[in-house]
>>> print(open('run.cif').read())   # mmCIF, C-alpha atoms
data_input
#
loop_
_atom_site.label_atom_id
_atom_site.label_comp_id
_atom_site.auth_asym_id
_atom_site.auth_seq_id
_atom_site.Cartn_x
_atom_site.Cartn_y
_atom_site.Cartn_z
CA SER A 1 -35.63 -50.84 -74.64
CA SER A 2 -32.47 -51.49 -76.59
CA ALA A 3 -34.03 -53.90 -79.11
CA GLY A 4 -37.34 -54.90 -80.62
CA PRO A 5 -39.90 -53.84 -83.21
CA LEU A 6 -40.75 -50.49 -81.61
CA LEU A 7 -37.10 -49.47 -81.57
CA ARG A 8 -36.69 -50.51 -85.21
CA PHE A 9 -39.74 -48.40 -86.10
CA LEU A 10 -38.39 -45.37 -84.19
CA ARG A 11 -34.95 -45.63 -85.76
CA ARG A 12 -36.55 -45.53 -89.23
CA ASN A 13 -38.87 -42.62 -88.43
CA VAL A 14 -37.28 -40.18 -85.99
CA ARG A 15 -34.11 -38.10 -86.03
CA SER A 16 -32.51 -39.30 -82.79
CA VAL A 17 -33.06 -42.27 -80.45
CA THR A 18 -31.52 -42.88 -77.02
CA THR A 19 -31.83 -46.38 -75.56
CA SER A 20 -31.14 -47.89 -72.17
CA GLU A 21 -31.66 -51.01 -70.10
CA TYR A 22 -31.57 -51.70 -66.38
CA PHE A 23 -28.62 -53.71 -65.05
CA ASP A 24 -28.77 -54.14 -61.29
CA ASP A 25 -24.99 -54.47 -61.02
CA ALA A 26 -24.19 -51.30 -63.02
CA ARG A 27 -24.18 -47.63 -62.05
CA PRO A 28 -26.88 -45.53 -63.76
CA GLY A 29 -25.38 -43.91 -66.85
CA GLU A 30 -22.71 -46.63 -67.22
CA PHE A 31 -22.46 -48.50 -70.53
CA ARG A 32 -22.47 -52.31 -70.87
CA SER A 33 -21.74 -53.75 -74.31
CA GLY A 34 -22.77 -50.45 -75.87
CA ILE A 35 -26.05 -50.25 -73.91
CA GLN A 36 -26.52 -47.49 -71.36
CA CYS A 37 -27.73 -48.52 -67.90
CA GLN A 38 -30.57 -46.48 -66.41
CA ASN A 39 -32.79 -47.03 -63.39
CA VAL A 40 -36.19 -45.57 -64.27
CA GLU A 41 -36.69 -44.66 -60.61
CA GLU A 42 -33.59 -42.39 -60.73
CA LEU A 43 -32.76 -41.38 -64.31
CA THR A 44 -29.47 -39.57 -64.94
CA TYR A 45 -30.87 -37.44 -67.78
CA PRO A 46 -31.50 -33.71 -67.31
CA ASP A 47 -35.00 -32.25 -66.98
CA GLY A 48 -36.89 -31.75 -70.23
CA GLN A 49 -34.49 -33.85 -72.32
CA PHE A 50 -36.91 -35.88 -74.48
CA ASP A 51 -39.95 -35.45 -76.72
CA LEU A 52 -40.96 -39.09 -76.31
CA CYS A 53 -40.14 -41.80 -73.76
CA THR A 54 -41.03 -45.40 -74.53
CA SER A 55 -40.73 -48.69 -72.72
CA THR A 56 -41.86 -52.20 -73.48
CA GLU A 57 -42.92 -54.51 -70.66
CA VAL A 58 -40.91 -52.73 -67.94
CA PHE A 59 -43.05 -51.03 -65.29
CA GLU A 60 -44.61 -54.24 -63.96
CA HIS A 61 -41.08 -55.04 -62.72
CA VAL A 62 -40.27 -51.63 -61.19
CA ARG A 63 -40.25 -51.57 -57.39
CA ASN A 64 -41.64 -48.01 -57.15
CA ASP A 65 -43.53 -47.39 -60.38
CA LEU A 66 -44.75 -43.96 -59.20
CA ALA A 67 -41.12 -42.84 -58.84
CA GLY A 68 -40.47 -44.18 -62.33
CA PHE A 69 -43.51 -42.39 -63.77
CA ALA A 70 -42.38 -39.17 -62.06
CA GLU A 71 -38.90 -39.53 -63.55
CA ILE A 72 -40.34 -40.05 -67.04
CA PHE A 73 -42.49 -36.95 -66.51
CA ARG A 74 -39.41 -34.99 -65.39
CA VAL A 75 -37.26 -35.85 -68.40
CA LEU A 76 -40.02 -35.12 -70.92
CA LYS A 77 -40.22 -31.71 -72.55
CA PRO A 78 -43.52 -29.85 -72.11
CA GLY A 79 -45.81 -31.30 -74.76
CA GLY A 80 -43.84 -34.58 -74.70
CA ALA A 81 -45.37 -38.02 -74.33
CA ALA A 82 -44.70 -41.36 -72.68
CA LEU A 83 -45.76 -44.35 -74.74
CA PHE A 84 -45.37 -47.81 -73.23
CA THR A 85 -46.76 -51.28 -72.80
CA VAL A 86 -47.26 -53.40 -69.71
CA PRO A 87 -49.32 -56.54 -69.20
CA ILE A 88 -52.73 -55.11 -68.33
CA SER A 89 -56.19 -56.42 -67.55
CA LEU A 90 -58.96 -54.05 -68.55
CA HIS A 91 -61.39 -55.74 -66.14
CA ARG A 92 -59.83 -55.21 -62.69
CA PRO A 93 -57.73 -52.65 -60.82
CA THR A 94 -53.98 -52.87 -60.38
CA VAL A 95 -52.88 -55.59 -57.95
CA GLU A 96 -49.60 -55.39 -56.06
CA ARG A 97 -48.02 -58.86 -56.09
CA VAL A 98 -45.21 -58.04 -53.63
CA ALA A 99 -44.62 -55.66 -50.75
CA TYR A 100 -41.29 -54.32 -49.65
CA ASP A 101 -40.12 -54.21 -46.04
CA GLY A 102 -36.94 -52.21 -46.55
CA ALA A 103 -34.78 -54.35 -48.81
CA GLU A 104 -36.84 -57.47 -48.03
CA ILE A 105 -39.44 -58.68 -50.53
CA ARG A 106 -42.64 -60.12 -49.10
CA HIS A 107 -44.81 -62.00 -51.59
CA VAL A 108 -48.46 -60.98 -51.23
CA LEU A 109 -49.43 -63.33 -54.09
CA PRO A 110 -47.58 -66.33 -55.50
CA PRO A 111 -44.49 -65.10 -57.35
CA VAL A 112 -44.70 -64.63 -61.11
CA TYR A 113 -41.62 -64.18 -63.27
CA HIS A 114 -41.28 -62.92 -66.84
CA GLY A 115 -38.49 -63.85 -69.23
CA ASP A 116 -35.65 -61.39 -69.78
CA ARG A 117 -34.24 -61.37 -73.31
CA ILE A 118 -31.16 -59.32 -72.32
CA ARG A 119 -29.97 -61.41 -69.36
CA GLY A 120 -31.53 -64.71 -70.39
CA ASP A 121 -33.12 -65.22 -66.97
CA ARG A 122 -36.34 -64.31 -65.20
CA VAL A 123 -37.50 -61.05 -63.62
CA LEU A 124 -39.99 -60.81 -60.75
CA CYS A 125 -43.35 -59.28 -61.63
CA VAL A 126 -44.14 -56.71 -58.91
CA ARG A 127 -47.68 -55.85 -59.97
CA ASP A 128 -50.49 -56.69 -62.39
CA TYR A 129 -51.86 -53.49 -63.90
CA GLY A 130 -55.46 -52.55 -64.49
CA PRO A 131 -56.93 -49.49 -66.22
CA ASP A 132 -56.26 -47.45 -63.07
CA ILE A 133 -52.67 -47.19 -64.31
CA LEU A 134 -53.95 -43.95 -65.87
CA ASP A 135 -54.75 -42.59 -62.38
CA ARG A 136 -51.23 -43.51 -61.27
CA LEU A 137 -49.78 -41.50 -64.19
CA ASN A 138 -52.07 -38.55 -63.52
CA SER A 139 -50.97 -38.53 -59.87
CA VAL A 140 -47.39 -37.63 -60.89
CA GLY A 141 -48.41 -34.77 -63.18
CA PHE A 142 -49.35 -36.15 -66.57
CA GLY A 143 -52.18 -34.07 -68.00
CA ARG A 144 -53.80 -36.44 -70.47
CA THR A 145 -53.62 -40.22 -70.32
CA GLU A 146 -55.31 -42.96 -72.29
CA LEU A 147 -55.13 -46.60 -73.29
CA VAL A 148 -54.81 -46.99 -77.06
CA MET A 149 -55.45 -50.22 -78.93
CA PRO A 150 -52.95 -50.60 -81.79
CA LYS A 151 -53.79 -52.36 -85.01
CA ALA A 152 -53.27 -56.11 -84.59
CA GLY A 153 -49.63 -57.02 -85.02
CA MET A 154 -48.45 -53.41 -85.39
CA PHE A 155 -45.46 -53.93 -83.06
CA GLY A 156 -45.59 -57.68 -82.79
CA PHE A 157 -48.57 -57.90 -80.44
CA ALA A 158 -51.95 -56.27 -79.87
CA ARG A 159 -52.25 -55.20 -76.26
CA PRO A 160 -53.27 -51.79 -74.99
CA VAL A 161 -50.59 -49.13 -75.24
CA VAL A 162 -50.42 -46.54 -72.48
CA LEU A 163 -50.15 -42.96 -73.72
CA ALA A 164 -49.45 -40.20 -71.21
CA ARG A 165 -48.86 -36.59 -72.24
CA ARG A 166 -47.01 -33.90 -70.37
CA LEU A 167 -49.01 -30.75 -71.01
#
>>> encode(input="run.cif", output="structure tokens")
Amino acid sequence: SSAGPLLRFLRRNVRSVTTSEYFDDARPGEFRSGIQCQNVEELTYPDGQFDLCTSTEVFEHVRNDLAGFAEIFRVLKPGGAALFTVPISLHRPTVERVAYDGAEIRHVLPPVYHGDRIRGDRVLCVRDYGPDILDRLNSVGFGRTELVMPKAGMFGFARPVVLARRL
């Protein structure tokens, strides 16, 4: 994310921060208004580039989240971690809201859209996550995964945070 409370916290507490956003009409790696465009399914960063990768409310919108998780795993250094939030229900498994037939979207459930603070419009929600998101992360190579409950209001909300470590 290129804005928000987590980014402000990181900028105060770590030596170096790289940010990006997804713009569907930009080439990965291209800059728009000072913000680098990246597609989490096909990152342009080299292997083992980062100690920590974060995202806030992104993966529920990613067409192929397993490809995105694999890319995050790839760009993390050994011992690195992914730390991110998604809307998640702790009481049911992940539900795919849409299916893809090539480039065509087929709605399996009624469409749900989330607001987009960068573009000022709405973004389709592809899936509703459950605690089995940890299994999805493990399937791409992460060695230790967990859901962590932050202190209320720590980053502006109190929902589970997904922590996945590359061992």
>>> resolve_selection(input="run.cif", expression="the PyMOL selection byres ((chain A and resi 113-128) around 8)", output="list of chain:residue names")
A:Glu60, A:His61, A:Val62, A:Arg63, A:Pro87, A:Ile88, A:Ser89, A:Thr94, A:Val95, A:Glu96, A:Arg97, A:Val98, A:Pro111, A:Val112, A:Tyr129, A:Gly130
>>> atom_distance(input="run.cif", atom1="CA of Gln38 in chain A", atom2="CA of Val58 in chain A")
12.2 Å
>>> atom_distance(input="run.cif", atom1="CA of Ala164 in chain A", atom2="CA of Arg144 in chain A")
5.8 Å
>>> residues_around(input="run.cif", residues="range 20-29 of chain A", least_positions_apart="5", cutoff="10 Å", atoms="only C-alpha atoms", output="list in words")
Ser1, Ser2, Ala3, Gly34, Ile35, Gln36, Cys37, Gln38, Asn39, Val40, Glu42, Leu43, Thr44, Tyr45, Ser55, Val58, Ile118 and Arg119 of chain A
>>> residues_around(input="run.cif", residues="Val75 in chain A", least_positions_apart="5", cutoff="8 Å", atoms="all atoms listed in the file", output="list in words")
Tyr45, Pro46, Asp47, Gly48, Gln49 and Phe50 of chain A
>>> closest_residue(input="run.cif", among="A:Val140, A:Pro93, A:Arg166, A:Thr145", to="Phe69 in chain A", atoms="all atoms listed in the file")
A:Val140
>>> atom_distance(input="run.cif", atom1="CA of Leu163 in chain A", atom2="CA of Phe84 in chain A")
6.8 Å
>>> residues_around(input="run.cif", residues="Gly79 in chain A", least_positions_apart="3", cutoff="8 Å", atoms="all atoms listed in the file", output="NGL selection string")
:A and (51 or 76 or 165-167)
>>> closest_residue(input="run.cif", among="A:Glu41, A:Glu30, A:Leu147, A:Thr19", to="Arg159 in chain A", atoms="only C-alpha atoms")
A:Leu147
>>> closest_residue(input="run.cif", among="A:Val14, A:Leu52, A:Ala158, A:Leu66", to="Ala81 in chain A", atoms="only C-alpha atoms")
A:Leu52
>>> axis_aligned_box(input="run.cif", around="range 83-100 of chain A", padding_each_side="4 Å", output="lines of an AutoDock Vina configuration file")
center_x = -51.3
center_y = -51.6
center_z = -62.2
size_x = 28.1
size_y = 22.5
size_z = 33.1
>>> closest_residue(input="run.cif", among="A:Leu10, A:Ala70, A:Cys53, A:Leu109", to="Asn138 in chain A", atoms="only C-alpha atoms")
A:Ala70
